[in-house]
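J.: I am sharing start03.cif, which consists of mmCIF, C-alpha atoms and all ligand atoms:
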```
data_start
#
loop_
_atom_site.label_atom_id
_atom_site.label_comp_id
_atom_site.auth_asym_id
_atom_site.auth_seq_id
_atom_site.Cartn_x
_atom_site.Cartn_y
_atom_site.Cartn_z
CA MET T 1 -83.30 -269.61 73.63
CA GLY T 2 -86.02 -271.88 75.05
CA ARG T 3 -83.80 -274.45 76.77
CA THR T 4 -82.74 -275.66 80.18
CA ALA T 5 -79.36 -275.11 81.82
CA GLU T 6 -78.22 -276.55 85.11
CA VAL T 7 -76.97 -273.14 86.32
CA VAL T 8 -77.77 -269.73 84.85
CA ILE T 9 -75.64 -266.80 85.98
CA VAL T 10 -76.98 -263.29 85.39
CA GLY T 11 -74.01 -260.91 85.07
CA GLY T 12 -70.52 -261.60 83.74
CA GLY T 13 -68.52 -259.19 85.95
CA PRO T 14 -65.84 -260.55 88.32
CA ALA T 15 -68.35 -262.36 90.56
CA GLY T 16 -70.31 -263.99 87.73
CA ALA T 17 -67.27 -264.88 85.63
CA ALA T 18 -65.37 -266.37 88.58
CA THR T 19 -68.39 -268.42 89.70
CA ALA T 20 -68.91 -269.62 86.13
CA ALA T 21 -65.25 -270.60 85.69
CA ALA T 22 -65.12 -272.48 89.00
CA LEU T 23 -68.42 -274.30 88.37
CA ALA T 24 -67.56 -275.22 84.77
CA ARG T 25 -64.24 -276.65 85.95
CA ARG T 26 -66.22 -278.85 88.30
CA GLY T 27 -68.07 -280.21 85.29
CA ARG T 28 -71.32 -278.28 85.81
CA GLU T 29 -73.35 -276.95 82.89
CA VAL T 30 -73.28 -273.15 83.13
CA LEU T 31 -74.85 -270.36 81.06
CA VAL T 32 -73.76 -266.74 81.68
CA LEU T 33 -76.06 -263.95 80.47
CA GLU T 34 -74.32 -260.58 80.41
CA ARG T 35 -75.93 -257.29 79.40
CA ALA T 36 -72.79 -255.58 78.06
CA THR T 37 -70.55 -256.55 75.19
CA PHE T 38 -67.00 -257.14 76.35
CA PRO T 39 -64.43 -255.76 76.74
CA ARG T 40 -66.28 -253.07 78.66
CA ASP T 41 -64.89 -250.70 81.25
CA LYS T 42 -66.60 -250.08 84.56
CA LEU T 43 -66.36 -247.19 86.97
CA CYS T 44 -64.03 -248.52 89.67
CA GLY T 45 -60.89 -247.49 91.57
CA ASP T 46 -59.11 -250.31 89.70
CA PHE T 47 -56.96 -251.65 92.52
CA ILE T 48 -57.03 -255.19 93.80
CA HIS T 49 -55.80 -256.22 97.25
CA PRO T 50 -53.60 -259.30 97.81
CA LEU T 51 -56.74 -261.24 98.82
CA GLY T 52 -58.14 -260.70 95.31
CA VAL T 53 -54.79 -261.45 93.69
CA ALA T 54 -54.71 -264.81 95.50
CA ALA T 55 -58.21 -265.57 94.14
CA LEU T 56 -57.07 -264.64 90.60
CA ASP T 57 -54.21 -267.08 91.05
CA ARG T 58 -56.59 -269.83 92.17
CA LEU T 59 -58.71 -269.09 89.10
CA GLY T 60 -55.61 -269.55 86.91
CA VAL T 61 -55.75 -266.08 85.31
CA LEU T 62 -53.02 -264.25 87.22
CA ASP T 63 -50.26 -264.90 84.67
CA GLU T 64 -52.41 -263.37 81.92
CA ILE T 65 -53.31 -260.34 84.01
CA ARG T 66 -49.85 -259.50 85.41
CA PRO T 67 -48.31 -258.08 82.18
CA ARG T 68 -51.31 -255.76 81.79
CA ALA T 69 -51.30 -254.56 85.41
CA ARG T 70 -49.01 -252.68 87.77
CA ALA T 71 -47.91 -254.51 90.89
CA LEU T 72 -48.67 -252.80 94.20
CA ARG T 73 -46.61 -253.13 97.37
CA GLY T 74 -49.20 -251.25 99.37
CA MET T 75 -51.47 -248.24 99.68
CA MET T 76 -50.66 -244.61 100.24
CA ILE T 77 -53.30 -243.03 102.45
CA VAL T 78 -53.40 -239.22 102.53
CA SER T 79 -55.19 -237.66 105.51
CA PRO T 80 -57.41 -234.57 105.08
CA ALA T 81 -54.52 -232.41 106.38
CA GLY T 82 -52.20 -233.90 103.72
CA ARG T 83 -50.29 -236.39 105.88
CA GLU T 84 -49.01 -239.22 103.65
CA VAL T 85 -48.99 -242.72 105.10
CA PHE T 86 -47.21 -245.37 103.03
CA ALA T 87 -48.85 -248.60 104.13
CA PRO T 88 -47.13 -251.73 102.81
CA PHE T 89 -49.13 -254.95 102.50
CA PRO T 90 -47.90 -257.39 105.15
CA ALA T 91 -47.32 -260.00 102.41
CA GLY T 92 -47.98 -260.58 98.74
CA ILE T 93 -48.82 -257.97 96.15
CA GLY T 94 -51.85 -256.04 94.99
CA LEU T 95 -52.56 -254.95 91.42
CA SER T 96 -53.66 -251.84 89.55
CA VAL T 97 -55.54 -253.09 86.52
CA SER T 98 -58.29 -251.57 84.42
CA ARG T 99 -61.65 -253.29 84.62
CA ALA T 100 -61.78 -253.44 80.83
CA VAL T 101 -58.78 -255.81 81.03
CA LEU T 102 -59.62 -257.67 84.23
CA ASP T 103 -63.28 -258.42 83.52
CA ASP T 104 -62.59 -259.48 79.94
CA LEU T 105 -59.84 -261.93 80.97
CA LEU T 106 -62.06 -263.39 83.70
CA LEU T 107 -65.01 -263.88 81.37
CA ARG T 108 -62.75 -265.50 78.77
CA ALA T 109 -61.48 -267.86 81.49
CA ALA T 110 -65.09 -268.86 82.23
CA TRP T 111 -65.67 -269.56 78.54
CA ARG T 112 -62.41 -271.54 78.26
CA ALA T 113 -63.46 -273.59 81.27
CA GLY T 114 -66.59 -274.65 79.38
CA ALA T 115 -69.27 -272.14 80.43
CA VAL T 116 -71.56 -270.87 77.67
CA VAL T 117 -71.21 -267.08 77.70
CA LYS T 118 -73.75 -264.86 75.97
CA THR T 119 -73.00 -261.16 76.01
CA GLY T 120 -75.34 -258.39 74.90
CA ARG T 121 -78.21 -260.21 76.70
CA VAL T 122 -80.26 -258.16 79.14
CA VAL T 123 -82.16 -260.29 81.63
CA ARG T 124 -85.56 -258.64 81.92
CA ARG T 125 -87.40 -261.02 84.24
CA VAL T 126 -86.80 -264.02 86.47
CA LEU T 127 -89.63 -266.16 87.86
CA ARG T 128 -89.75 -269.29 90.03
CA ARG T 129 -91.98 -272.04 88.51
CA GLY T 130 -92.03 -275.34 90.39
CA ASP T 131 -88.44 -276.39 91.00
CA ARG T 132 -87.01 -274.31 88.12
CA TRP T 133 -86.19 -270.66 87.56
CA ARG T 134 -87.31 -269.12 84.27
CA ILE T 135 -85.07 -266.36 82.98
CA THR T 136 -86.32 -264.06 80.23
CA THR T 137 -84.24 -262.01 77.80
CA GLU T 138 -85.28 -260.47 74.49
CA GLU T 139 -84.06 -263.66 72.78
CA GLY T 140 -86.45 -265.87 74.73
CA GLU T 141 -86.64 -267.91 77.92
CA VAL T 142 -84.29 -270.34 79.58
CA ALA T 143 -84.97 -272.56 82.59
CA ALA T 144 -82.39 -273.24 85.33
CA ARG T 145 -82.10 -275.54 88.33
CA VAL T 146 -79.95 -272.93 90.06
CA LEU T 147 -80.05 -269.21 89.32
CA ILE T 148 -77.13 -266.99 90.36
CA GLY T 149 -77.55 -263.24 90.70
CA ALA T 150 -74.15 -261.74 89.83
CA ASP T 151 -75.74 -258.64 88.39
CA GLY T 152 -74.19 -256.05 90.64
CA LEU T 153 -75.40 -253.32 92.92
CA ARG T 154 -78.88 -252.93 91.43
CA SER T 155 -79.44 -256.66 91.04
CA THR T 156 -82.59 -257.62 89.11
CA VAL T 157 -82.27 -261.19 90.42
CA ALA T 158 -82.02 -260.10 94.08
CA GLN T 159 -85.16 -258.00 93.78
CA ALA T 160 -87.16 -260.53 91.74
CA ALA T 161 -86.25 -263.33 94.16
CA GLY T 162 -87.44 -261.17 97.07
CA LEU T 163 -83.97 -261.07 98.64
CA ARG T 164 -83.64 -257.24 98.41
CA GLY T 165 -85.98 -254.25 98.28
CA GLY T 166 -85.71 -251.46 95.72
CA PRO T 167 -82.55 -249.54 94.85
CA PRO T 168 -81.04 -247.18 97.46
CA ARG T 169 -82.22 -243.56 97.46
CA ARG T 170 -79.43 -241.99 99.51
CA GLY T 171 -75.67 -242.21 99.45
CA ARG T 172 -72.56 -240.67 97.97
CA TYR T 173 -71.85 -240.44 94.25
CA ALA T 174 -68.72 -241.53 92.42
CA ILE T 175 -67.18 -239.81 89.45
CA GLY T 176 -64.26 -241.33 87.56
CA LEU T 177 -61.74 -239.77 85.18
CA ARG T 178 -58.75 -241.03 83.22
CA VAL T 179 -55.68 -238.78 83.10
CA ARG T 180 -52.30 -238.74 81.41
CA GLY T 181 -49.24 -237.00 82.82
CA LEU T 182 -49.85 -237.52 86.55
CA GLY T 183 -46.70 -238.44 88.46
CA THR T 184 -47.60 -241.44 90.63
CA TYR T 185 -45.82 -243.42 93.35
CA GLU T 186 -44.28 -246.64 92.03
CA GLY T 187 -45.84 -249.63 93.77
CA PHE T 188 -48.54 -247.73 95.68
CA ALA T 189 -52.17 -246.98 94.86
CA GLU T 190 -53.45 -243.84 96.57
CA MET T 191 -56.43 -243.02 98.76
CA HIS T 192 -56.93 -239.32 99.50
CA LEU T 193 -59.31 -238.51 102.35
CA ALA T 194 -61.38 -235.37 102.91
CA ARG T 195 -64.42 -234.44 104.99
CA GLY T 196 -67.24 -236.69 103.69
CA ALA T 197 -65.33 -237.49 100.49
CA TYR T 198 -62.40 -239.47 99.15
CA CYS T 199 -60.49 -240.03 95.96
CA GLY T 200 -58.51 -243.05 94.74
CA VAL T 201 -55.66 -242.96 92.24
CA SER T 202 -54.45 -246.03 90.38
CA ALA T 203 -51.76 -245.98 87.69
CA PHE T 204 -51.60 -248.38 84.73
CA PRO T 205 -48.60 -249.69 82.77
CA ASP T 206 -49.52 -247.51 79.74
CA GLY T 207 -48.90 -244.31 81.75
CA GLN T 208 -52.57 -243.46 82.22
CA ALA T 209 -54.07 -243.15 85.69
CA ASN T 210 -57.56 -243.62 87.03
CA VAL T 211 -58.75 -240.84 89.36
CA THR T 212 -62.06 -241.78 90.97
CA ALA T 213 -63.64 -239.52 93.58
CA VAL T 214 -66.56 -240.37 95.84
CA LEU T 215 -68.33 -237.19 96.85
CA PRO T 216 -71.57 -235.91 98.35
CA LYS T 217 -74.36 -235.76 95.78
CA ALA T 218 -74.46 -231.95 95.96
CA THR T 219 -70.80 -231.65 94.90
CA VAL T 220 -71.32 -233.92 91.89
CA ALA T 221 -74.54 -232.06 90.96
CA LEU T 222 -72.63 -228.74 90.99
CA ARG T 223 -70.11 -230.15 88.52
CA ARG T 224 -72.54 -231.48 85.90
CA ASP T 225 -70.35 -229.81 83.26
CA VAL T 226 -67.66 -232.47 83.87
CA LEU T 227 -70.12 -235.13 82.78
CA ALA T 228 -72.03 -233.21 80.14
CA GLN T 229 -69.14 -231.61 78.27
CA GLY T 230 -66.31 -233.94 79.25
CA PRO T 231 -63.64 -233.02 81.78
CA THR T 232 -61.22 -230.19 81.06
CA ARG T 233 -58.13 -229.62 83.16
CA ALA T 234 -59.84 -226.66 84.90
CA SER T 235 -63.12 -228.48 85.64
CA MET T 236 -61.19 -231.53 86.89
CA LEU T 237 -59.20 -229.39 89.34
CA THR T 238 -62.37 -227.67 90.60
CA LEU T 239 -64.15 -231.00 91.03
CA LEU T 240 -61.25 -232.36 93.13
CA ALA T 241 -60.69 -229.18 95.17
CA SER T 242 -61.26 -231.11 98.44
CA PHE T 243 -57.96 -232.95 97.83
CA PRO T 244 -55.37 -230.13 97.69
CA SER T 245 -52.21 -232.25 97.55
CA LEU T 246 -53.65 -234.29 94.68
CA VAL T 247 -54.79 -231.14 92.86
CA SER T 248 -51.29 -229.70 92.94
CA ARG T 249 -49.91 -232.91 91.38
CA LEU T 250 -52.73 -232.97 88.80
CA ARG T 251 -51.97 -229.49 87.42
CA PRO T 252 -49.77 -230.74 84.57
CA ALA T 253 -52.03 -233.75 83.84
CA ASP T 254 -54.61 -233.98 81.05
CA PRO T 255 -57.96 -235.68 81.39
CA ILE T 256 -58.65 -238.17 78.60
CA GLY T 257 -62.01 -239.36 77.33
CA ARG T 258 -65.29 -238.95 79.13
CA ALA T 259 -65.98 -238.83 82.85
CA ARG T 260 -68.42 -241.36 84.30
CA ALA T 261 -70.60 -241.13 87.39
CA ILE T 262 -72.58 -243.58 89.46
CA GLY T 263 -74.71 -243.33 92.59
CA PRO T 264 -76.17 -243.33 95.09
CA LEU T 265 -73.70 -245.75 96.68
CA ALA T 266 -75.36 -247.11 99.79
CA PRO T 267 -74.04 -250.20 101.56
CA ALA T 268 -76.52 -253.06 101.08
CA ALA T 269 -76.82 -256.54 102.53
CA GLY T 270 -79.48 -259.13 103.31
CA PRO T 271 -80.21 -262.83 102.65
CA VAL T 272 -77.91 -264.25 99.99
CA VAL T 273 -79.70 -267.52 99.22
CA GLY T 274 -83.29 -268.53 98.48
CA ASP T 275 -84.86 -271.59 96.87
CA GLY T 276 -82.60 -272.42 93.95
CA VAL T 277 -81.11 -268.93 93.91
CA LEU T 278 -77.91 -267.47 95.25
CA LEU T 279 -76.34 -263.99 95.07
CA VAL T 280 -72.64 -263.28 94.56
CA GLY T 281 -70.50 -260.12 94.46
CA ASP T 282 -72.15 -256.72 94.81
CA ALA T 283 -75.59 -258.28 94.34
CA ALA T 284 -75.01 -260.11 97.62
CA TRP T 285 -73.10 -257.52 99.57
CA PHE T 286 -72.20 -254.01 98.56
CA THR T 287 -69.82 -252.07 100.71
CA ASP T 288 -68.76 -248.48 100.21
CA PRO T 289 -65.68 -248.51 97.95
CA LEU T 290 -63.55 -246.57 100.49
CA THR T 291 -61.42 -249.62 101.28
CA GLY T 292 -61.34 -250.96 97.68
CA GLN T 293 -62.28 -254.50 98.64
CA GLY T 294 -65.22 -255.12 96.29
CA VAL T 295 -63.50 -257.18 93.61
CA SER T 296 -61.44 -259.16 96.14
CA LEU T 297 -64.55 -260.09 98.12
CA ALA T 298 -66.53 -260.82 94.94
CA LEU T 299 -63.84 -263.28 93.73
CA THR T 300 -63.39 -264.90 97.14
CA GLY T 301 -67.15 -265.30 97.57
CA ALA T 302 -67.52 -266.68 94.04
CA LEU T 303 -65.09 -269.52 94.79
CA VAL T 304 -67.04 -270.43 97.92
CA ALA T 305 -70.38 -270.18 96.07
CA ALA T 306 -69.17 -272.47 93.28
CA GLU T 307 -68.06 -275.13 95.76
CA VAL T 308 -71.39 -275.00 97.61
CA ILE T 309 -73.50 -275.04 94.41
CA ALA T 310 -71.52 -277.95 92.94
CA GLY T 311 -72.04 -279.89 96.19
CA ALA T 312 -75.77 -279.08 96.23
CA LEU T 313 -76.22 -280.18 92.61
CA ARG T 314 -74.33 -283.41 93.26
CA ALA T 315 -76.63 -284.06 96.21
CA GLY T 316 -79.67 -283.15 94.06
CA ASP T 317 -80.62 -280.34 96.45
CA GLY T 318 -80.55 -276.88 94.88
CA ARG T 319 -83.06 -275.51 97.41
CA ALA T 320 -82.18 -272.92 100.05
CA ALA T 321 -81.19 -275.62 102.56
CA GLY T 322 -78.71 -277.08 100.07
CA LEU T 323 -77.12 -273.67 99.57
CA ALA T 324 -77.06 -272.69 103.25
CA ALA T 325 -73.31 -273.26 103.68
CA TYR T 326 -72.73 -270.22 101.46
CA ALA T 327 -75.05 -268.09 103.61
CA HIS T 328 -73.13 -269.21 106.69
CA TRP T 329 -69.82 -268.28 105.07
CA HIS T 330 -71.23 -264.86 104.28
CA ARG T 331 -72.43 -264.31 107.82
CA ASP T 332 -69.24 -265.56 109.46
CA ARG T 333 -66.89 -263.81 107.07
CA LEU T 334 -68.63 -260.53 106.41
CA SER T 335 -70.92 -259.38 109.21
CA ALA T 336 -68.08 -258.30 111.54
CA LEU T 337 -66.32 -256.71 108.56
CA ARG T 338 -69.44 -254.70 107.72
CA ARG T 339 -69.60 -253.22 111.23
CA PHE T 340 -65.87 -252.52 111.15
CA LEU T 341 -66.15 -250.72 107.79
CA ARG T 342 -68.82 -248.41 109.21
CA LEU T 343 -66.33 -247.48 111.93
CA VAL T 344 -63.55 -246.98 109.37
CA ASP T 345 -65.85 -244.73 107.31
CA TRP T 346 -66.67 -242.61 110.36
CA ILE T 347 -63.05 -242.31 111.51
CA ALA T 348 -61.65 -241.60 108.03
CA LEU T 349 -64.26 -239.18 106.69
CA ARG T 350 -66.20 -237.70 109.59
CA SER T 351 -64.12 -237.61 112.76
CA PRO T 352 -61.07 -235.62 113.92
CA LEU T 353 -59.41 -238.91 114.93
CA ILE T 354 -58.00 -239.43 111.45
CA GLU T 355 -55.15 -236.93 111.92
CA PRO T 356 -53.61 -238.43 115.10
CA LEU T 357 -54.23 -241.86 113.62
CA ALA T 358 -52.44 -240.98 110.36
CA ARG T 359 -49.51 -239.62 112.38
CA ALA T 360 -49.34 -242.79 114.49
CA TRP T 361 -49.46 -244.92 111.34
CA GLN T 362 -46.72 -242.83 109.74
CA GLU T 363 -44.46 -243.33 112.73
CA HIS T 364 -45.32 -246.98 113.37
CA PRO T 365 -45.66 -248.83 110.04
CA ALA T 366 -46.40 -252.12 111.84
CA LEU T 367 -49.66 -250.60 113.12
CA VAL T 368 -50.91 -249.69 109.66
CA SER T 369 -49.75 -253.04 108.27
CA ARG T 370 -51.98 -254.78 110.79
CA PHE T 371 -54.92 -252.65 109.60
CA LEU T 372 -54.10 -253.56 106.00
CA SER T 373 -53.98 -257.24 106.88
CA VAL T 374 -57.72 -257.03 107.62
CA ILE T 375 -58.61 -254.87 104.63
CA GLY T 376 -56.29 -256.39 102.06
CA HIS T 377 -55.69 -259.96 103.16
CA GLY T 378 -59.01 -260.91 104.71
CA ASP T 379 -57.64 -261.43 108.22
CA PRO T 380 -60.35 -261.41 110.91
CA VAL T 381 -61.46 -258.01 112.19
CA SER T 382 -60.56 -259.16 115.70
CA ARG T 383 -56.90 -258.55 114.78
CA VAL T 384 -57.46 -254.80 114.92
CA LEU T 385 -60.03 -254.83 117.71
CA ALA T 386 -57.77 -256.79 120.07
CA PRO T 387 -57.02 -254.80 123.27
CA THR T 388 -53.25 -255.08 122.71
CA TYR T 389 -53.49 -253.55 119.24
CA LEU T 390 -55.93 -250.83 120.31
CA SER T 391 -53.84 -249.84 123.32
CA ARG T 392 -50.66 -249.64 121.21
CA LEU T 393 -52.54 -247.52 118.69
CA ALA T 394 -54.02 -245.25 121.38
CA LEU T 395 -50.58 -244.79 122.98
CA ALA T 396 -49.03 -243.97 119.59
CA CYS T 397 -51.77 -241.38 118.99
CA ILE T 398 -51.62 -239.78 122.42
CA TRP T 399 -47.85 -239.78 122.75
CA ARG T 400 -47.37 -236.99 120.22
CA ALA T 401 -50.84 -235.36 120.42
C1 LIG V 1 -66.67 -245.82 92.60
C2 LIG V 1 -66.29 -247.24 92.88
C3 LIG V 1 -64.97 -247.57 93.06
C4 LIG V 1 -64.59 -248.88 93.33
N1 LIG V 1 -63.28 -249.18 93.48
C5 LIG V 1 -62.90 -250.45 93.71
C6 LIG V 1 -61.51 -250.80 93.79
O1 LIG V 1 -60.61 -249.98 93.61
N2 LIG V 1 -61.21 -252.10 94.06
C7 LIG V 1 -62.17 -253.05 94.24
O2 LIG V 1 -61.83 -254.22 94.49
N3 LIG V 1 -63.49 -252.75 94.14
C8 LIG V 1 -63.88 -251.49 93.88
N4 LIG V 1 -65.19 -251.18 93.73
C9 LIG V 1 -66.19 -252.25 93.89
C10 LIG V 1 -66.25 -253.12 92.65
O3 LIG V 1 -66.48 -252.33 91.50
C11 LIG V 1 -67.36 -254.13 92.80
O4 LIG V 1 -67.30 -254.71 94.07
C12 LIG V 1 -67.26 -255.23 91.73
O5 LIG V 1 -67.48 -254.69 90.45
C13 LIG V 1 -68.27 -256.34 92.01
O6 LIG V 1 -68.28 -257.25 90.94
P1 LIG V 1 -69.66 -257.93 90.50
O7 LIG V 1 -69.29 -258.92 89.47
O8 LIG V 1 -70.43 -258.33 91.69
O9 LIG V 1 -70.52 -256.75 89.87
P2 LIG V 1 -70.26 -255.90 88.55
O10 LIG V 1 -68.83 -255.70 88.31
O11 LIG V 1 -71.15 -254.71 88.70
O12 LIG V 1 -70.82 -256.82 87.38
C14 LIG V 1 -72.19 -257.04 87.23
C15 LIG V 1 -72.45 -257.38 85.77
O13 LIG V 1 -73.83 -257.71 85.64
C16 LIG V 1 -74.29 -257.19 84.41
N5 LIG V 1 -75.75 -257.03 84.54
C17 LIG V 1 -76.42 -256.21 85.39
N6 LIG V 1 -77.73 -256.33 85.22
C18 LIG V 1 -77.90 -257.26 84.24
C19 LIG V 1 -79.05 -257.81 83.61
N7 LIG V 1 -80.28 -257.46 83.97
N8 LIG V 1 -78.88 -258.73 82.64
C20 LIG V 1 -77.62 -259.12 82.26
N9 LIG V 1 -76.50 -258.63 82.83
C21 LIG V 1 -76.65 -257.71 83.81
C22 LIG V 1 -73.55 -255.88 84.25
O14 LIG V 1 -73.49 -255.47 82.90
C23 LIG V 1 -72.17 -256.21 84.83
O15 LIG V 1 -71.24 -256.60 83.85
C24 LIG V 1 -65.59 -249.88 93.44
C25 LIG V 1 -66.92 -249.56 93.25
C26 LIG V 1 -67.28 -248.25 92.96
C27 LIG V 1 -68.73 -247.94 92.75
#
```
Would you mind writing the file's structure down as structure tokens?

T.:
Amino acid sequence: MGRTAEVVIVGGGPAGAATAAALARRGREVLVLERATFPRDKLCGDFIHPLGVAALDRLGVLDEIRPRARALRGMMIVSPAGREVFAPFPAGIGLSVSRAVLDDLLLRAAWRAGAVVKTGRVVRRVLRRGDRWRITTEEGEVAARVLIGADGLRSTVAQAAGLRGGPPRRGRYAIGLRVRGLGTYEGFAEMHLARGAYCGVSAFPDGQANVTAVLPKATVALRRDVLAQGPTRASMLTLLASFPSLVSRLRPADPIGRARAIGPLAPAAGPVVGDGVLLVGDAAWFTDPLTGQGVSLALTGALVAAEVIAGALRAGDGRAAGLAAYAHWHRDRLSALRRFLRLVDWIALRSPLIEPLARAWQEHPALVSRFLSVIGHGDPVSRVLAPTYLSRLALACIWRA
């Protein structure tokens, strides 16, 4: 390579592609270096909240994605005791769409907007020299005024820039399967809860469904056969035994292709900007996938990052101070959400409160809609921590307890 680009983005997933598209449309010179060759699938629950759908619309790719996705009116949450809560989004729609489709369309949009996209390029090293970053792949070195780490959960850029420590050692593991023949609920993606585990189901227009479970490491280790030999109907049902109502619906379904696993999944956060470097998507902020917000937050953050970077480049200041507005957005937008998600994780997967809560939500759809407005629409967390909401929720729980 041996050249200079104004902005180099490492990683062409949703965060990198969206940042690239938005920056290129602002007339900035952008180079995306992506390890995989696209289209590539990625282990994911494959549902997008209305917040993410709005970002896809702003990026101008929604019309292309819609025919290859299923529209969602809401989420179905199934409590550990099997109580089904149909939670409609307060407004707008979500989408079930495979990452092979979504990520490919986003990266193409970046290329159409004018970004140079190189796939099959693994970034091995990044180094700060003077006021430039030097990015090394097997094909050579490229220099950048601004470097963007959009390289996911185990970000090379975040570690090399000193913004994160090493990869997490503890956390749950995810295992994802594709099935055919599972009867699903039209317009609803599913989230099945169990003690210390959960499983999402997302159905696609071609009749296949994605079943992705997040489980303790020990459970995944016990079921190595699912990964080594490929899932059979019997091994799939044993793997998902913690979700009895899902297992009974899965009995006639057939697993297709290979199963994939990833872990440990530990929430991670820290500084998101340094001198001439900025992190987006999972590289900046990884939250447990329980609430399925990752892509929506990655896209929303990418649009903010692009605006801040374009402004900094116009002002000739790509240093940390020039990028600080993005760090402020992150802090203001996400720190309360992070604390709230820890509470949601505890209530949903580790406390007995989930059963009375699921019953209250079943009987009072407005209460669960309010919850979904925070998770799916990006409303402030204060909406569900307000005393009026909490007292209505507590009364609804106690009334029938
Ligand atoms: C089990 C599970 C289920 C999930 N379910 C959902 C869900 O239903 N809905 C939702 O919204 N979110 C979900 N998420 C979260 C979602 O997958 C992420 O938030 C999202 O992928 C973040 O996008 P990204 O672009 O930051 O990172 P990624 O999608 O991880 O993209 C990073 C890209 O960087 C590339 N890369 C990495 N290292 C290098 C390198 N050194 N050189 C070049 N390229 C590199 C990778 O190949 C990859 O393409 C889930 C996550 C998990 C783990």

J.: For a test of reading the model, state the distance in Å between atom CA of Ala21 of chain T and atom C27 of ligand LIG 1 (chain V), rounded to one decimal.

T.: 24.0 Å

J.: Considering only C-alpha atoms and all ligand atoms, can you say which of T:Gly274, T:Pro244, T:Gly171, T:Pro205 comes closest to ligand LIG 1 (chain V)?

T.: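 For ligand LIG 1 (chain V), the nearest of the given residues is T:Gly171.
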
J.: Nearest residue to Ala174 of chain T out of T:Ala158, T:Ile256, T:Leu215, T:Ala241, using all atoms listed in the file?

T.: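 The shortest atom-to-atom distance to Ala174 of chain T comes from T:Leu215.
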
J.: Mind listing the residues within 6 Å of ligand LIG 1 (chain V), all atoms listed in the file counted, as number ranges by chain?

T.: T: 10-16, 33-36, 43-48, 121-124, 150-152, 156, 174, 281-283, 289, 292-296, 298

J.: Give me the residues near Ser373 of chain T as a PyMOL selection string, where near means some atom within 7 Å (using only C-alpha atoms) and where sequence neighbours in that chain fewer than 5 positions away do not count.

T.: chain T and resi 89-90+378-379

J.: Counting all atoms listed in the file, which residues come within 10 Å of (-59.5, -259.9, 111.0), with the point read in the file's coordinates, and could you list them as a list in words?

T.: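 The answer, in the requested form, is Arg333, Ala336, Leu337, Phe340, Arg370, Phe371, Leu372, Ser373, Val374, Ile375, His377, Gly378, Asp379, Pro380, Val381, Ser382, Arg383, Val384, Leu385 and Ala386 of chain T.
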
J.: Using C-alpha atoms, can you export the residues from the last selection as an mmCIF file, in the coordinates of the input?

T.:
```
data_model
loop_
_atom_site.group_PDB
_atom_site.id
_atom_site.type_symbol
_atom_site.label_atom_id
_atom_site.label_comp_id
_atom_site.auth_asym_id
_atom_site.auth_seq_id
_atom_site.Cartn_x
_atom_site.Cartn_y
_atom_site.Cartn_z
ATOM 1 C CA ARG T 333 -66.890 -263.810 107.070
ATOM 2 C CA ALA T 336 -68.080 -258.300 111.540
ATOM 3 C CA LEU T 337 -66.320 -256.710 108.560
ATOM 4 C CA PHE T 340 -65.870 -252.520 111.150
ATOM 5 C CA ARG T 370 -51.980 -254.780 110.790
ATOM 6 C CA PHE T 371 -54.920 -252.650 109.600
ATOM 7 C CA LEU T 372 -54.100 -253.560 106.000
ATOM 8 C CA SER T 373 -53.980 -257.240 106.880
ATOM 9 C CA VAL T 374 -57.720 -257.030 107.620
ATOM 10 C CA ILE T 375 -58.610 -254.870 104.630
ATOM 11 C CA HIS T 377 -55.690 -259.960 103.160
ATOM 12 C CA GLY T 378 -59.010 -260.910 104.710
ATOM 13 C CA ASP T 379 -57.640 -261.430 108.220
ATOM 14 C CA PRO T 380 -60.350 -261.410 110.910
ATOM 15 C CA VAL T 381 -61.460 -258.010 112.190
ATOM 16 C CA SER T 382 -60.560 -259.160 115.700
ATOM 17 C CA ARG T 383 -56.900 -258.550 114.780
ATOM 18 C CA VAL T 384 -57.460 -254.800 114.920
ATOM 19 C CA LEU T 385 -60.030 -254.830 117.710
ATOM 20 C CA ALA T 386 -57.770 -256.790 120.070
#
```

J.: Determine the nearest neighbour of Val277 of chain T from the options T:Leu239, T:Leu246, T:Leu290, T:Ile309, counting all atoms listed in the file.

T.: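 For Val277 of chain T, the nearest of the given residues is T:Ile309.
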
J.: Using atom CA of Ala71 of chain T and atom CA of Leu105 of chain T as the two end points, give the distance in Å to one decimal.

T.: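 Separating atom CA of Ala71 of chain T from atom CA of Leu105 of chain T is a distance of 17.2 Å.
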
J.: I'd like to know which of T:Val272, T:Val179, T:Val308, T:Val30 is closest to Phe286 of chain T, using all atoms listed in the file.

T.: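 That would be T:Val272, the residue with the smallest distance to Phe286 of chain T.
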
J.: Name all residues at most 10 Å from Arg319 of chain T (count all atoms listed in the file; drop same-chain ones fewer than 2 positions away) and give them as a list of chain:residue names.

T.: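 Here the answer would be T:Asp131, T:Arg145, T:Val146, T:Val273, T:Gly274, T:Asp275, T:Gly276, T:Val277, T:Leu278, T:Ala312, T:Leu313, T:Gly316, T:Asp317, T:Ala321, T:Gly322, T:Leu323, T:Ala324.
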
J.: Please determine, counting only C-alpha atoms, which residue among T:Gln229, T:Ser79, T:Thr291, T:Thr184 has the shortest atom-to-atom distance to His49 of chain T.

T.: T:Thr291

J.: May I have the protein, DNA and RNA residues with any atom at most 7 Å from the point (-88.2, -267.8, 92.3), counting only C-alpha atoms, written as a list in words?

T.: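 Within 7 Å of (-88.2, -267.8, 92.3), the protein and nucleic acid residues are Leu127, Arg128, Arg129, Trp133, Ala161 and Asp275 of chain T.
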